[in-house]
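Here the structure comes first, spelled out in structure tokens, and everything after it is commentary.
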Number of protein chains: 2
Amino acid sequence: MKANTATVTMADVARDADVSVSSVSNYLHGRPYMKAGMRARIADSIDRLGYQVNAVASNLRSGRTHLLKLSIPDLRQMYFSELAEDILAEARVHGYGVIVESTTNSRDRELDSVASMGTRAADGLIFSPLLMNDDDEHVLDGDYPLVLLGERLCTRKVTHVVIANRTAAHDATSHLIAAGCRSIAVVGGVRAIQGQASSRQIRTEGYRDALASAGMGYDPELVYETVGWGSEDGAEAVRRMILDGARCDGIFALNDRLAWGVLRGLRVSGIRCPGDVRVVGFDDVDESAYMVPSLTTVDPGKRDIARIAVQSVIDQITRGSRGPAGMLEAPCSLVFRESSPAV
Amino acid sequence: MKANTATVTMADVARDADVSVSSVSNYLHGRPYMKAGMRARIADSIDRLGYQVNAVASNLRSGRTHLLKLSIPDLRQMYFSELAEDILAEARVHGYGVIVESTTNSRDRELDSVASMGTRAADGLIFSPLLMNDDDEHVLDGDYPLVLLGERLCTRKVTHVVIANRTAAHDATSHLIAAGCRSIAVVGGVRAIQGQASSRQIRTEGYRDALASAGMGYDPELVYETVGWGSEDGAEAVRRMILDGARCDGIFALNDRLAWGVLRGLRVSGIRCPGDVRVVGFDDVDESAYMVPSLTTVDPGKRDIARIAVQSVIDQITRGSRGPAGMLEAPCSLVFRESSPAV
DNA sequence: GTGAAAGCGCTAACAC
DNA sequence: GTGTTAGCGCTTTCAC
């Protein structure tokens, strides 16, 4: 049951069980044809010697490490830590471990993270770029399995997993409209269409789409750009709103943390939610369910993203090539809570 | 600059540069004695061929993977994701990557996580146990580098990194007392002393110490046990408090999420904070700075924990043995904010 | 200063 | 069914 001194190798087990190393290997890989007696002897030796396969040696020979690399901007942001958790779980189901790398808002780290895939320490990469430009796209060249998260890089050469940002933003806005909101602000939106696609931008587009399809005019004044994505930015936006004397009866915050700040800002100013103003967020982070009022928000289906992304890298690994690049879209859905109940 | 077709090995580089593989290896390891001409030829070949060392082969030969394993209960809890982020950063400084494993509240996963260290896929383990018993302690036997986080397992045989839970809880409580609180509740505390040490328990002890040193009586009625550690548990505790007709003027919540819930519960009931009741949390999670009121809380020094833990595993790795087990304590400090300003 | 060569522990043909 | 054997790509003595 134990005896783990230093390094017990397969050869030791073979010797102990009086069989060949390949039989031990066969045993470990659960290969069929093998007499029960031998199987038992091997099992016994392994147990007695406390043998465990040396993953590194196995990796070298087989060319697989059974490790994935996950490269994300920042674990401190709940969206990413929740996503990471789901990816770890999904990878685990497939027998993969995950090397997590946080690029903490540094383009260089993002580049590093990608470049180091050449060392073959991981079998594949799931990468959520935040700062890389389309100009940096060439660093993604290579043949290792790769899945990109989000719309930041729009290479058509690599498999992407995106969420239905536009549709989701459209739906969130339409919900506010259906609930009777006549003047809807977007917190965290962008006024000018920029070159680089970003979720901020796509969500803003979805918002405009919804206004348009409802025959409502688009008022740039109602787009509150924010520096960051934190709750302080959301609260700040509300302060500006009030200073501007802007009156709105619905607020769509482009992520939950912004929405938390919005909720706070409203409360501080004595504006009731959902009474005076309805609020909808985006991300469905765990804590949003416990705000007061609890937050109506877009559930971006992190579980689905995780499932799709992991499935895709693993497919590429098994297939031995990146294969046809695809744009895989994870479905979103609105989660209705107190800040804007379903109509 | 590129040309990365399939697998360029060191032998290819050696051939191309017309030198031996050992020279290439020497070059890569920046070893001194080497004529400039050769150095240049090698550099050129590497560049031209787009060579990158195969980490796996190098691992096998050298016996080091330059990977650490971090095993924590749950990335969704901000305390852990923030800690993980700090550990990733610290490991990175030392040239280590990190395999993150979330044991998601499963004793079996904790055991798995530890057991799999035998495969040598990682050079060392930083492990934050939550559910393992002292009875399971033997699974930690082995010679691989190991650091335990928290006081869950009290083995004296392994290096632990703990935070000054007792002192910090004492200080937090003393602060409330100094601020004039006469009746201080603990949310998330434990009434009965249990066998297993836990941070809940140690923090409760620190609270009692503080009461005692201030000559204040301990009232078990003021200890609000909670099922979980979430904000809903904190809010629930406040509801109970009100139903019980308990009156207190200070609340020490044993973690920030509980404190968020407390803040919410108070507000919902129209109790002002810090006016009627002061509140202090524990963990100094990022978002706590943005609550309304912003939360006074104990900063457990996650950075320090990360630094100490990583430093310790790496020492063990270099030393080649676990060496003398120690109890390393990271310092805590109170962060004063609106929910209970400094006196 | 540089090169030859012996493995690290395992996998997977291939032979029997 | 089971055993033999040739590497996987690199590191590292040890000669020269």
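Labeling convention for the structure tokens: chains A, B, ... as they appear, residues from 1 per chain, ligands from 1 in order of appearance.
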
Task: Contact set, chain D to chain B: 6 Å, only C-alpha atoms (C1' of nucleotides), as a ChimeraX atom specification - done: /D:9-11

- [ ] Tell me which protein, DNA and RNA residues are within 8 Å of segment 238-242 of chain B, counting only C-alpha atoms (C1' of nucleotides), leaving out same-chain ones fewer than 3 positions away, and put them as a ChimeraX atom specification.
- [x] /B:234-235,245-247,262,265-266

Export, as a PDB file, in the first residue's frame, the selected residues with C-alpha atoms.
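Generated file (result02.pdb):
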ATOM      1  CA  GLY B 234     -24.649  37.777   6.289  1.00  0.00           C
ATOM      2  CA  ALA B 235     -27.989  39.326   5.433  1.00  0.00           C
ATOM      3  CA  GLY B 245     -34.539  41.702  19.295  1.00  0.00           C
ATOM      4  CA  ALA B 246     -30.813  41.671  19.843  1.00  0.00           C
ATOM      5  CA  ARG B 247     -29.340  45.093  19.974  1.00  0.00           C
ATOM      6  CA  VAL B 262     -24.639  42.551   6.851  1.00  0.00           C
ATOM      7  CA  GLY B 265     -29.351  43.708   5.891  1.00  0.00           C
ATOM      8  CA  LEU B 266     -28.834  46.803   8.009  1.00  0.00           C
TER       9      LEU B 266
END

TODO: Fewer than 6 positions away in the same chain doesn't count, so skip those; otherwise give me all residues within 9 Å of segment 193-209 of chain B, counting only C-alpha atoms (C1' of nucleotides), as a ChimeraX atom specification.
DONE: /B:130,133-134,150-154,165-174,186,217-218,223,252,254

Open item on the list: Tell me as a ChimeraX atom specification which residues belonging to chain C come within 10 Å of chain B, counting only C-alpha atoms (C1' of nucleotides).
Closed with: /C:1-4,7-9

Open item on the list: Measuring between only C-alpha atoms, which one of A:Gly275, A:Pro220, A:Gly97, A:Gly188 shows the shortest distance to chain B?
Closed with: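 Smallest separation from chain B among the options: A:Gly97.
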
TODO: Enumerate, as a PyMOL selection string, the complete set of residues in segment 221-315 of chain B that a backbone-based DSSP assignment places in alpha helix (DSSP H).
DONE: chain B and resi 231-243+256-268+302-315

Task: Straight-line distance linking atom CA of Pro145 of chain B with atom CA of Leu328 of chain B, stated in Å to one decimal - done: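 Straight-line distance from atom CA of Pro145 of chain B to atom CA of Leu328 of chain B works out to 15.4 Å.
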
- [ ] Run DSSP on the backbone of this structure and report the residues of segment 279-313 of chain B it assigns to strand (DSSP E), as a list in words.
- [x]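 Taking segment 279-313 of chain B and keeping strand (DSSP E) only, one gets Val279, Val280, Gly281, Phe282, Thr296, Thr297, Val298 and Asp299 of chain B.
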
- [ ] Do a neighbour search on Trp229 of chain B at 9 Å with only C-alpha atoms (C1' of nucleotides), toss out local chain neighbours closer than 2 positions, and write the hits as a list in words.
- [x] Gly188, Thr226, Val227, Ser231, Glu232, Asp233, Gly234, Leu254, Asn255, Asp256, Arg257 and Leu258 of chain B

Take the selection from the previous step and output its residues with N, CA and C atoms, as a PDB file, in the first residue's frame.
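Generated output (selection.pdb):
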ATOM      1  N   GLY B 188     -20.741  34.742  11.547  1.00  0.00           N
ATOM      2  CA  GLY B 188     -19.914  33.692  10.962  1.00  0.00           C
ATOM      3  C   GLY B 188     -19.046  33.022  12.012  1.00  0.00           C
ATOM      4  N   THR B 226     -23.258  30.877  10.791  1.00  0.00           N
ATOM      5  CA  THR B 226     -23.874  30.915   9.463  1.00  0.00           C
ATOM      6  C   THR B 226     -23.579  29.605   8.761  1.00  0.00           C
ATOM      7  N   VAL B 227     -24.439  29.268   7.832  1.00  0.00           N
ATOM      8  CA  VAL B 227     -24.246  28.020   7.103  1.00  0.00           C
ATOM      9  C   VAL B 227     -23.049  28.183   6.173  1.00  0.00           C
ATOM     10  N   SER B 231     -22.812  36.389   1.001  1.00  0.00           N
ATOM     11  CA  SER B 231     -23.441  37.606   1.476  1.00  0.00           C
ATOM     12  C   SER B 231     -24.867  37.322   1.935  1.00  0.00           C
ATOM     13  N   GLU B 232     -25.495  36.320   1.324  1.00  0.00           N
ATOM     14  CA  GLU B 232     -26.849  35.996   1.758  1.00  0.00           C
ATOM     15  C   GLU B 232     -26.849  35.505   3.203  1.00  0.00           C
ATOM     16  N   ASP B 233     -25.765  34.832   3.604  1.00  0.00           N
ATOM     17  CA  ASP B 233     -25.673  34.386   4.989  1.00  0.00           C
ATOM     18  C   ASP B 233     -25.541  35.573   5.932  1.00  0.00           C
ATOM     19  N   GLY B 234     -24.817  36.584   5.465  1.00  0.00           N
ATOM     20  CA  GLY B 234     -24.649  37.777   6.289  1.00  0.00           C
ATOM     21  C   GLY B 234     -25.965  38.507   6.476  1.00  0.00           C
ATOM     22  N   LEU B 254     -16.910  37.670   9.889  1.00  0.00           N
ATOM     23  CA  LEU B 254     -15.648  36.951   9.715  1.00  0.00           C
ATOM     24  C   LEU B 254     -15.127  36.847   8.289  1.00  0.00           C
ATOM     25  N   ASN B 255     -15.888  37.342   7.328  1.00  0.00           N
ATOM     26  CA  ASN B 255     -15.278  37.579   6.021  1.00  0.00           C
ATOM     27  C   ASN B 255     -16.053  38.679   5.308  1.00  0.00           C
ATOM     28  N   ASP B 256     -15.494  39.163   4.230  1.00  0.00           N
ATOM     29  CA  ASP B 256     -16.090  40.330   3.582  1.00  0.00           C
ATOM     30  C   ASP B 256     -17.450  40.051   2.974  1.00  0.00           C
ATOM     31  N   ARG B 257     -17.612  38.866   2.410  1.00  0.00           N
ATOM     32  CA  ARG B 257     -18.902  38.602   1.792  1.00  0.00           C
ATOM     33  C   ARG B 257     -20.006  38.612   2.838  1.00  0.00           C
ATOM     34  N   LEU B 258     -19.714  38.021   3.980  1.00  0.00           N
ATOM     35  CA  LEU B 258     -20.689  38.089   5.065  1.00  0.00           C
ATOM     36  C   LEU B 258     -20.959  39.552   5.387  1.00  0.00           C
TER      37      LEU B 258
END
